[in-house]
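Structure, as structure tokens:
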Amino acid sequence: MTTILVTGATGRVGRHVVRGLLEAGVGVRALVRTPALAGLPAEVEVVPGDIYNPAAVSRAAAEVDAAFLLWPAFTADGAAPVLTALTKQVRRVVYLSSMSVSEADPSASGVWGELEVLLTDAGADWTFVRPGGFAASTLEWAEQIRTGNVVRMPFPNAGRSLIHERDIADVAVQALLHDKHIGQTYALTGPEVLTQAQQVATIATVLNRQLRVEETPPPEARRSMLTQGLDPSFIDSALTYWHSLVANPEPVTTTVETLLTRPALTYHQWAEDHADDFRD
Ligand SMILES: NC(=O)c1ccc[n+]([C@@H]2O[C@H](COP(=O)([O-])OP(=O)(O)OC[C@H]3O[C@@H](n4cnc5c(N)ncnc54)[C@H](OP(=O)(O)O)[C@@H]3O)[C@@H](O)[C@H]2O)c1
């Protein structure tokens, strides 16, 4: 029986990868830090371990046919020995990367590009799944929506083509199951551009509530993000990026529809799937 290793199996994308693989009838092994809290289906073989530990990754990857790789860190520090350990055991790797990787210079594209280069250099049979922004990133508004009717943000008119985590996972499952995806990079987005104000309006429709968007000056947004413990350089690049999306919204790709032969899931669908996260 085919067995596939899933890292990040307890996360947003990973849980759907596990579900998709089980539905396809293949065996799933999951590398999990805290098995008691994993809450994975009983059929999943849970292997305890930390992804930053090459020996744990090597154990988890022994005799599997392919691996779904999620690298949860903001830097590639420590990734080289882990990927060496992984690719010694399994050549076929589907890596959850990012649309921000530059084709011209992946190694200068942050952690995702660095991981792509490491996997290529390791001789893996790779597929790079490169999503744009996750619809799940709008869960950052959940507390404001649970506790009031106002959502504050610096750039309500920033246009985003956010993707449902289920679409990312469904593409990854196809890539894990079929060799024709070896050597392919897939830039994935949702099916449409919505401004952030329109995303809030979508949540309001789903919840059947009145929600108001309030524009916060960028310096105030910066201060608020700092109090959440976010890295200052991350905050500055995020603010610059969101500002740029007012005049130049994110692109929309048709890759999800092409690969899955069904339309990509809408933000409205995502909001329905996550409605309880926004309810008190
Ligand atoms: N957000 C975006 O817009 C965006 C865009 C492009 C790409 N990405 C990439 O997508 C990935 C996040 O995907 P997601 O949202 O599905 O993840 P998530 O929901 O944040 O979950 C993270 C997963 O990683 C696991 N994990 C964390 N640290 C670990 C460790 N030391 N050892 C083993 N497992 C560990 C967690 O397991 P536990 O149960 O142990 O916590 C969990 O399963 C990141 O690599 C991110 O860079 C995100």
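Here's how to read the names in the structure tokens: chain A, B, ... by the order shown, residue numbers from 1 in each chain, ligand numbers from 1 in the order shown.
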Would you tabulate, counting only C-alpha atoms and all ligand atoms, all residues of chain A that have an atom at most 8 Å from an atom of ligand 1, showing the closest pair of atoms and their distance in Å to one decimal, sorted by chain then ascending number, as JSON lines?
```
{"residue": "A:Thr7", "atom": "CA", "partner": "ligand 1", "partner_atom_place_in_ligand_line": "34 (N)", "distance": 6.3}
{"residue": "A:Gly8", "atom": "CA", "partner": "ligand 1", "partner_atom_place_in_ligand_line": "43 (O)", "distance": 3.3}
{"residue": "A:Ala9", "atom": "CA", "partner": "ligand 1", "partner_atom_place_in_ligand_line": "43 (O)", "distance": 4.7}
{"residue": "A:Thr10", "atom": "CA", "partner": "ligand 1", "partner_atom_place_in_ligand_line": "43 (O)", "distance": 3.7}
{"residue": "A:Gly11", "atom": "CA", "partner": "ligand 1", "partner_atom_place_in_ligand_line": "21 (O)", "distance": 3.4}
{"residue": "A:Arg12", "atom": "CA", "partner": "ligand 1", "partner_atom_place_in_ligand_line": "16 (O)", "distance": 3.7}
{"residue": "A:Val13", "atom": "CA", "partner": "ligand 1", "partner_atom_place_in_ligand_line": "16 (O)", "distance": 3.7}
{"residue": "A:Gly14", "atom": "CA", "partner": "ligand 1", "partner_atom_place_in_ligand_line": "16 (O)", "distance": 5.5}
{"residue": "A:Arg15", "atom": "CA", "partner": "ligand 1", "partner_atom_place_in_ligand_line": "16 (O)", "distance": 7.8}
{"residue": "A:Leu31", "atom": "CA", "partner": "ligand 1", "partner_atom_place_in_ligand_line": "33 (C)", "distance": 6.4}
{"residue": "A:Val32", "atom": "CA", "partner": "ligand 1", "partner_atom_place_in_ligand_line": "33 (C)", "distance": 5.5}
{"residue": "A:Arg33", "atom": "CA", "partner": "ligand 1", "partner_atom_place_in_ligand_line": "40 (O)", "distance": 4.4}
{"residue": "A:Thr34", "atom": "CA", "partner": "ligand 1", "partner_atom_place_in_ligand_line": "40 (O)", "distance": 5.8}
{"residue": "A:Leu37", "atom": "CA", "partner": "ligand 1", "partner_atom_place_in_ligand_line": "39 (O)", "distance": 7.3}
{"residue": "A:Ala38", "atom": "CA", "partner": "ligand 1", "partner_atom_place_in_ligand_line": "39 (O)", "distance": 6.1}
{"residue": "A:Gly49", "atom": "CA", "partner": "ligand 1", "partner_atom_place_in_ligand_line": "33 (C)", "distance": 6.5}
{"residue": "A:Asp50", "atom": "CA", "partner": "ligand 1", "partner_atom_place_in_ligand_line": "32 (N)", "distance": 3.7}
{"residue": "A:Ile51", "atom": "CA", "partner": "ligand 1", "partner_atom_place_in_ligand_line": "32 (N)", "distance": 3.8}
{"residue": "A:Tyr52", "atom": "CA", "partner": "ligand 1", "partner_atom_place_in_ligand_line": "31 (N)", "distance": 5.7}
{"residue": "A:Leu70", "atom": "CA", "partner": "ligand 1", "partner_atom_place_in_ligand_line": "45 (O)", "distance": 5.1}
{"residue": "A:Trp71", "atom": "CA", "partner": "ligand 1", "partner_atom_place_in_ligand_line": "45 (O)", "distance": 4.8}
{"residue": "A:Pro72", "atom": "CA", "partner": "ligand 1", "partner_atom_place_in_ligand_line": "45 (O)", "distance": 4.5}
{"residue": "A:Ala73", "atom": "CA", "partner": "ligand 1", "partner_atom_place_in_ligand_line": "45 (O)", "distance": 6.8}
{"residue": "A:Phe74", "atom": "CA", "partner": "ligand 1", "partner_atom_place_in_ligand_line": "47 (O)", "distance": 7.0}
{"residue": "A:Leu96", "atom": "CA", "partner": "ligand 1", "partner_atom_place_in_ligand_line": "10 (O)", "distance": 6.2}
{"residue": "A:Ser97", "atom": "CA", "partner": "ligand 1", "partner_atom_place_in_ligand_line": "7 (C)", "distance": 5.4}
{"residue": "A:Ser98", "atom": "CA", "partner": "ligand 1", "partner_atom_place_in_ligand_line": "6 (C)", "distance": 4.1}
{"residue": "A:Met99", "atom": "CA", "partner": "ligand 1", "partner_atom_place_in_ligand_line": "6 (C)", "distance": 6.5}
{"residue": "A:Ser100", "atom": "CA", "partner": "ligand 1", "partner_atom_place_in_ligand_line": "6 (C)", "distance": 7.7}
{"residue": "A:Val111", "atom": "CA", "partner": "ligand 1", "partner_atom_place_in_ligand_line": "47 (O)", "distance": 8.0}
{"residue": "A:Trp112", "atom": "CA", "partner": "ligand 1", "partner_atom_place_in_ligand_line": "47 (O)", "distance": 7.1}
{"residue": "A:Arg130", "atom": "CA", "partner": "ligand 1", "partner_atom_place_in_ligand_line": "6 (C)", "distance": 6.6}
{"residue": "A:Pro131", "atom": "CA", "partner": "ligand 1", "partner_atom_place_in_ligand_line": "6 (C)", "distance": 5.1}
{"residue": "A:Gly132", "atom": "CA", "partner": "ligand 1", "partner_atom_place_in_ligand_line": "5 (C)", "distance": 5.2}
{"residue": "A:Gly133", "atom": "CA", "partner": "ligand 1", "partner_atom_place_in_ligand_line": "3 (O)", "distance": 3.5}
{"residue": "A:Phe134", "atom": "CA", "partner": "ligand 1", "partner_atom_place_in_ligand_line": "3 (O)", "distance": 4.0}
{"residue": "A:Ala135", "atom": "CA", "partner": "ligand 1", "partner_atom_place_in_ligand_line": "3 (O)", "distance": 7.4}
{"residue": "A:Ala136", "atom": "CA", "partner": "ligand 1", "partner_atom_place_in_ligand_line": "1 (N)", "distance": 7.0}
{"residue": "A:Ser137", "atom": "CA", "partner": "ligand 1", "partner_atom_place_in_ligand_line": "1 (N)", "distance": 5.7}
{"residue": "A:Leu162", "atom": "CA", "partner": "ligand 1", "partner_atom_place_in_ligand_line": "3 (O)", "distance": 8.0}
{"residue": "A:Glu165", "atom": "CA", "partner": "ligand 1", "partner_atom_place_in_ligand_line": "16 (O)", "distance": 7.1}
```
Surrounding residues of Ile168 of chain A excluding itself and chain neighbours under 2 positions, 9 Å, only C-alpha atoms, as a PDB file with C-alpha atoms, in the first residue's frame:
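Ended up saving to result.pdb:
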```pdb
ATOM      1  CA  VAL A  13      -3.827  22.937   5.129  1.00  0.00           C
ATOM      2  CA  HIS A  16      -7.281  18.703   4.510  1.00  0.00           C
ATOM      3  CA  VAL A  17      -4.255  16.954   2.978  1.00  0.00           C
ATOM      4  CA  LEU A  96       4.017  24.099   0.573  1.00  0.00           C
ATOM      5  CA  VAL A 129       2.730  24.435  -4.390  1.00  0.00           C
ATOM      6  CA  ARG A 130       2.837  28.230  -4.217  1.00  0.00           C
ATOM      7  CA  PRO A 131      -0.300  29.773  -2.747  1.00  0.00           C
ATOM      8  CA  ILE A 163      -7.367  31.163  -1.225  1.00  0.00           C
ATOM      9  CA  HIS A 164      -9.321  28.576   0.756  1.00  0.00           C
ATOM     10  CA  GLU A 165      -6.960  26.157   2.538  1.00  0.00           C
ATOM     11  CA  ARG A 166      -9.009  23.249   1.141  1.00  0.00           C
ATOM     12  CA  ASP A 170      -6.601  19.356  -2.794  1.00  0.00           C
ATOM     13  CA  VAL A 171      -3.882  20.475  -5.217  1.00  0.00           C
ATOM     14  CA  ALA A 172      -1.192  19.054  -2.930  1.00  0.00           C
ATOM     15  CA  VAL A 173      -3.024  15.718  -2.792  1.00  0.00           C
ATOM     16  CA  LEU A 188      -2.538  29.228  -6.514  1.00  0.00           C
ATOM     17  CA  THR A 189      -5.095  31.914  -5.651  1.00  0.00           C
ATOM     18  CA  VAL A 256      -6.790  25.470  -8.997  1.00  0.00           C
TER      19      VAL A 256
END
```
Can you work out which one of A:Leu86, A:Leu230, A:Val151, A:Ala76 has the shortest atom-to-atom distance to Ala61 of chain A, counting only C-alpha atoms?
-> A:Leu86
All residues 8 Å or closer to segment 273-280 of chain A, only C-alpha atoms, same chain fewer than 4 positions away omitted, as a PyMOL selection string = chain A and resi 139+142-143+145-147+203+206-207+269
Residues just named, written with C-alpha atoms as an mmCIF file, in the first residue's frame:
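Writing the result to out_27.cif gives the following:
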```
data_model
loop_
_atom_site.group_PDB
_atom_site.id
_atom_site.type_symbol
_atom_site.label_atom_id
_atom_site.label_comp_id
_atom_site.auth_asym_id
_atom_site.auth_seq_id
_atom_site.Cartn_x
_atom_site.Cartn_y
_atom_site.Cartn_z
ATOM 1 C CA LEU A 139 -9.232 35.097 11.158
ATOM 2 C CA ALA A 142 -12.363 37.145 14.519
ATOM 3 C CA GLU A 143 -11.950 38.653 17.960
ATOM 4 C CA ILE A 145 -16.152 40.530 15.160
ATOM 5 C CA ARG A 146 -16.956 38.288 18.124
ATOM 6 C CA THR A 147 -16.805 41.209 20.549
ATOM 7 C CA ILE A 203 -18.503 37.758 6.708
ATOM 8 C CA VAL A 206 -22.760 34.969 6.307
ATOM 9 C CA LEU A 207 -23.300 35.893 9.966
ATOM 10 C CA GLN A 269 -17.530 29.625 0.856
#
```
Quick one: everything within 8 Å of Val6 of chain A, counting only C-alpha atoms, minus sequence neighbours fewer than 4 positions away in the same chain. Send it as an MDAnalysis selection string.
-> chainID A and resid 14 17:18 28:31 67:69
Kindly give the distance, in Å, that separates atom CA of Leu22 of chain A and atom CA of Leu5 of chain A, rounded to a single decimal.
->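 Between atom CA of Leu22 of chain A and atom CA of Leu5 of chain A the gap works out to 12.0 Å.
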Shell around Phe234 of chain A at 12 Å using only C-alpha atoms, local window under 5 positions removed, as a ChimeraX atom specification = /A:74,110,222,225-226,229,239-241
Using only C-alpha atoms, find the one residue out of A:Ala42, A:Val93, A:Leu176, A:Val82 that sits nearest to Thr2 of chain A.
->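 The shortest atom-to-atom distance to Thr2 of chain A comes from A:Leu176.
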Give me every strand (DSSP E or B) residue in segment 16-51 of chain A, going by DSSP on the backbone, as number ranges by chain.
-> A: 27-32, 45-48
For atom CA of Ala85 of chain A and atom CA of Glu114 of chain A, determine how far apart the two atoms are, in Å to one decimal place.
->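 Computing it gives 16.7 Å between the two atoms.
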Could you check which of A:Thr87, A:Thr127, A:Val246, A:Asn53 is closest to His178 of chain A, using only C-alpha atoms?
-> A:Thr127
Please return as a ChimeraX atom specification: the residues of segment 75-263 of chain A that backbone DSSP assigns to helix (DSSP H, G or I).
-> /A:79-89,106-108,110-121,135-147,165-177,179-181,196-207,218-227,232-247,255-260
Take the residues from that selection and put them in a file with C-alpha atoms, as a short mmCIF file (atom, residue, chain, number, x, y, z; two decimals), in the first residue's frame.
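Everything below was put into out09.cif:
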```cif
data_model
loop_
_atom_site.label_atom_id
_atom_site.label_comp_id
_atom_site.auth_asym_id
_atom_site.auth_seq_id
_atom_site.Cartn_x
_atom_site.Cartn_y
_atom_site.Cartn_z
CA ALA A 79 16.49 23.34 7.15
CA ALA A 80 19.48 21.91 5.24
CA PRO A 81 20.14 18.86 7.51
CA VAL A 82 16.39 18.22 7.82
CA LEU A 83 15.92 18.17 4.05
CA THR A 84 18.98 15.96 3.63
CA ALA A 85 17.50 13.50 6.14
CA LEU A 86 14.11 13.67 4.43
CA THR A 87 15.31 13.22 0.87
CA LYS A 88 17.60 10.32 1.83
CA GLN A 89 14.43 8.45 2.73
CA PRO A 106 14.29 31.83 -5.61
CA SER A 107 17.23 31.98 -3.23
CA ALA A 108 16.56 35.69 -2.63
CA GLY A 110 12.90 34.43 1.73
CA VAL A 111 12.37 31.14 3.52
CA TRP A 112 10.13 29.59 0.84
CA GLY A 113 12.60 30.20 -1.97
CA GLU A 114 15.48 28.97 0.15
CA LEU A 115 13.64 25.73 0.88
CA GLU A 116 12.88 25.29 -2.84
CA VAL A 117 16.59 25.67 -3.64
CA LEU A 118 17.56 23.19 -0.91
CA LEU A 119 15.08 20.62 -2.20
CA THR A 120 16.30 21.06 -5.77
CA ASP A 121 19.93 20.73 -4.68
CA ALA A 135 -8.29 33.27 3.43
CA ALA A 136 -7.52 32.00 6.94
CA SER A 137 -5.38 35.09 7.53
CA THR A 138 -8.65 37.04 7.94
CA LEU A 139 -9.23 35.10 11.16
CA GLU A 140 -7.19 37.97 12.61
CA TRP A 141 -10.53 39.88 12.60
CA ALA A 142 -12.36 37.15 14.52
CA GLU A 143 -11.95 38.65 17.96
CA GLN A 144 -13.12 42.11 16.84
CA ILE A 145 -16.15 40.53 15.16
CA ARG A 146 -16.96 38.29 18.12
CA THR A 147 -16.80 41.21 20.55
CA GLU A 165 -6.96 26.16 2.54
CA ARG A 166 -9.01 23.25 1.14
CA ASP A 167 -7.99 24.20 -2.41
CA ILE A 168 -4.30 24.27 -1.49
CA ALA A 169 -4.63 20.84 0.10
CA ASP A 170 -6.60 19.36 -2.79
CA VAL A 171 -3.88 20.47 -5.22
CA ALA A 172 -1.19 19.05 -2.93
CA VAL A 173 -3.02 15.72 -2.79
CA GLN A 174 -3.12 15.54 -6.61
CA ALA A 175 0.59 16.33 -6.71
CA LEU A 176 1.33 13.62 -4.12
CA LEU A 177 -0.66 10.99 -6.00
CA ASP A 179 3.90 11.69 -11.06
CA LYS A 180 2.96 14.12 -13.85
CA HIS A 181 3.28 16.92 -11.26
CA GLN A 196 -10.63 43.74 2.55
CA ALA A 197 -13.78 45.81 3.12
CA GLN A 198 -15.65 43.42 0.78
CA GLN A 199 -14.29 40.45 2.77
CA VAL A 200 -15.73 41.95 5.96
CA ALA A 201 -19.04 42.53 4.13
CA THR A 202 -18.99 38.85 3.10
CA ILE A 203 -18.50 37.76 6.71
CA ALA A 204 -21.35 40.08 7.74
CA THR A 205 -23.65 38.47 5.14
CA VAL A 206 -22.76 34.97 6.31
CA LEU A 207 -23.30 35.89 9.97
CA PRO A 218 -0.75 52.94 9.22
CA PRO A 219 1.37 54.16 12.19
CA GLU A 220 -1.45 53.15 14.55
CA ALA A 221 -1.76 49.76 12.84
CA ARG A 222 2.00 49.35 13.20
CA ARG A 223 1.84 50.06 16.95
CA SER A 224 -1.00 47.58 17.38
CA MET A 225 0.91 44.87 15.46
CA LEU A 226 3.99 45.52 17.61
CA THR A 227 1.94 44.91 20.75
CA PRO A 232 9.11 45.00 13.12
CA SER A 233 10.57 44.20 9.70
CA PHE A 234 7.69 41.79 9.01
CA ILE A 235 5.21 44.52 10.01
CA ASP A 236 6.84 47.10 7.74
CA SER A 237 6.89 44.80 4.73
CA ALA A 238 3.26 43.75 5.38
CA LEU A 239 2.10 47.39 5.57
CA THR A 240 4.00 48.30 2.40
CA TYR A 241 2.54 45.27 0.63
CA TRP A 242 -1.09 45.95 1.68
CA HIS A 243 -0.69 49.62 0.64
CA SER A 244 0.49 48.49 -2.81
CA LEU A 245 -2.66 46.35 -3.19
CA VAL A 246 -4.92 49.43 -3.17
CA ALA A 247 -3.66 50.49 -6.61
CA THR A 255 -4.41 26.88 -11.62
CA VAL A 256 -6.79 25.47 -9.00
CA GLU A 257 -9.59 25.12 -11.54
CA THR A 258 -7.28 23.61 -14.16
CA LEU A 259 -5.79 21.04 -11.79
CA LEU A 260 -8.95 20.11 -9.89
#
```
Choose the residue, out of A:Pro35, A:Pro249, A:Pro191, A:Gly183, that has the smallest atom-to-atom separation from Tyr95 of chain A; count only C-alpha atoms.
->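 Looking at the shortest contact to Tyr95 of chain A, the residue is A:Gly183.
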Neighbours of Thr216 of chain A within 8 Å (only C-alpha atoms; same-chain residues fewer than 5 positions away dropped), as a list in words?
-> Arg152, Met153, Pro154, Phe155 and Ala221 of chain A
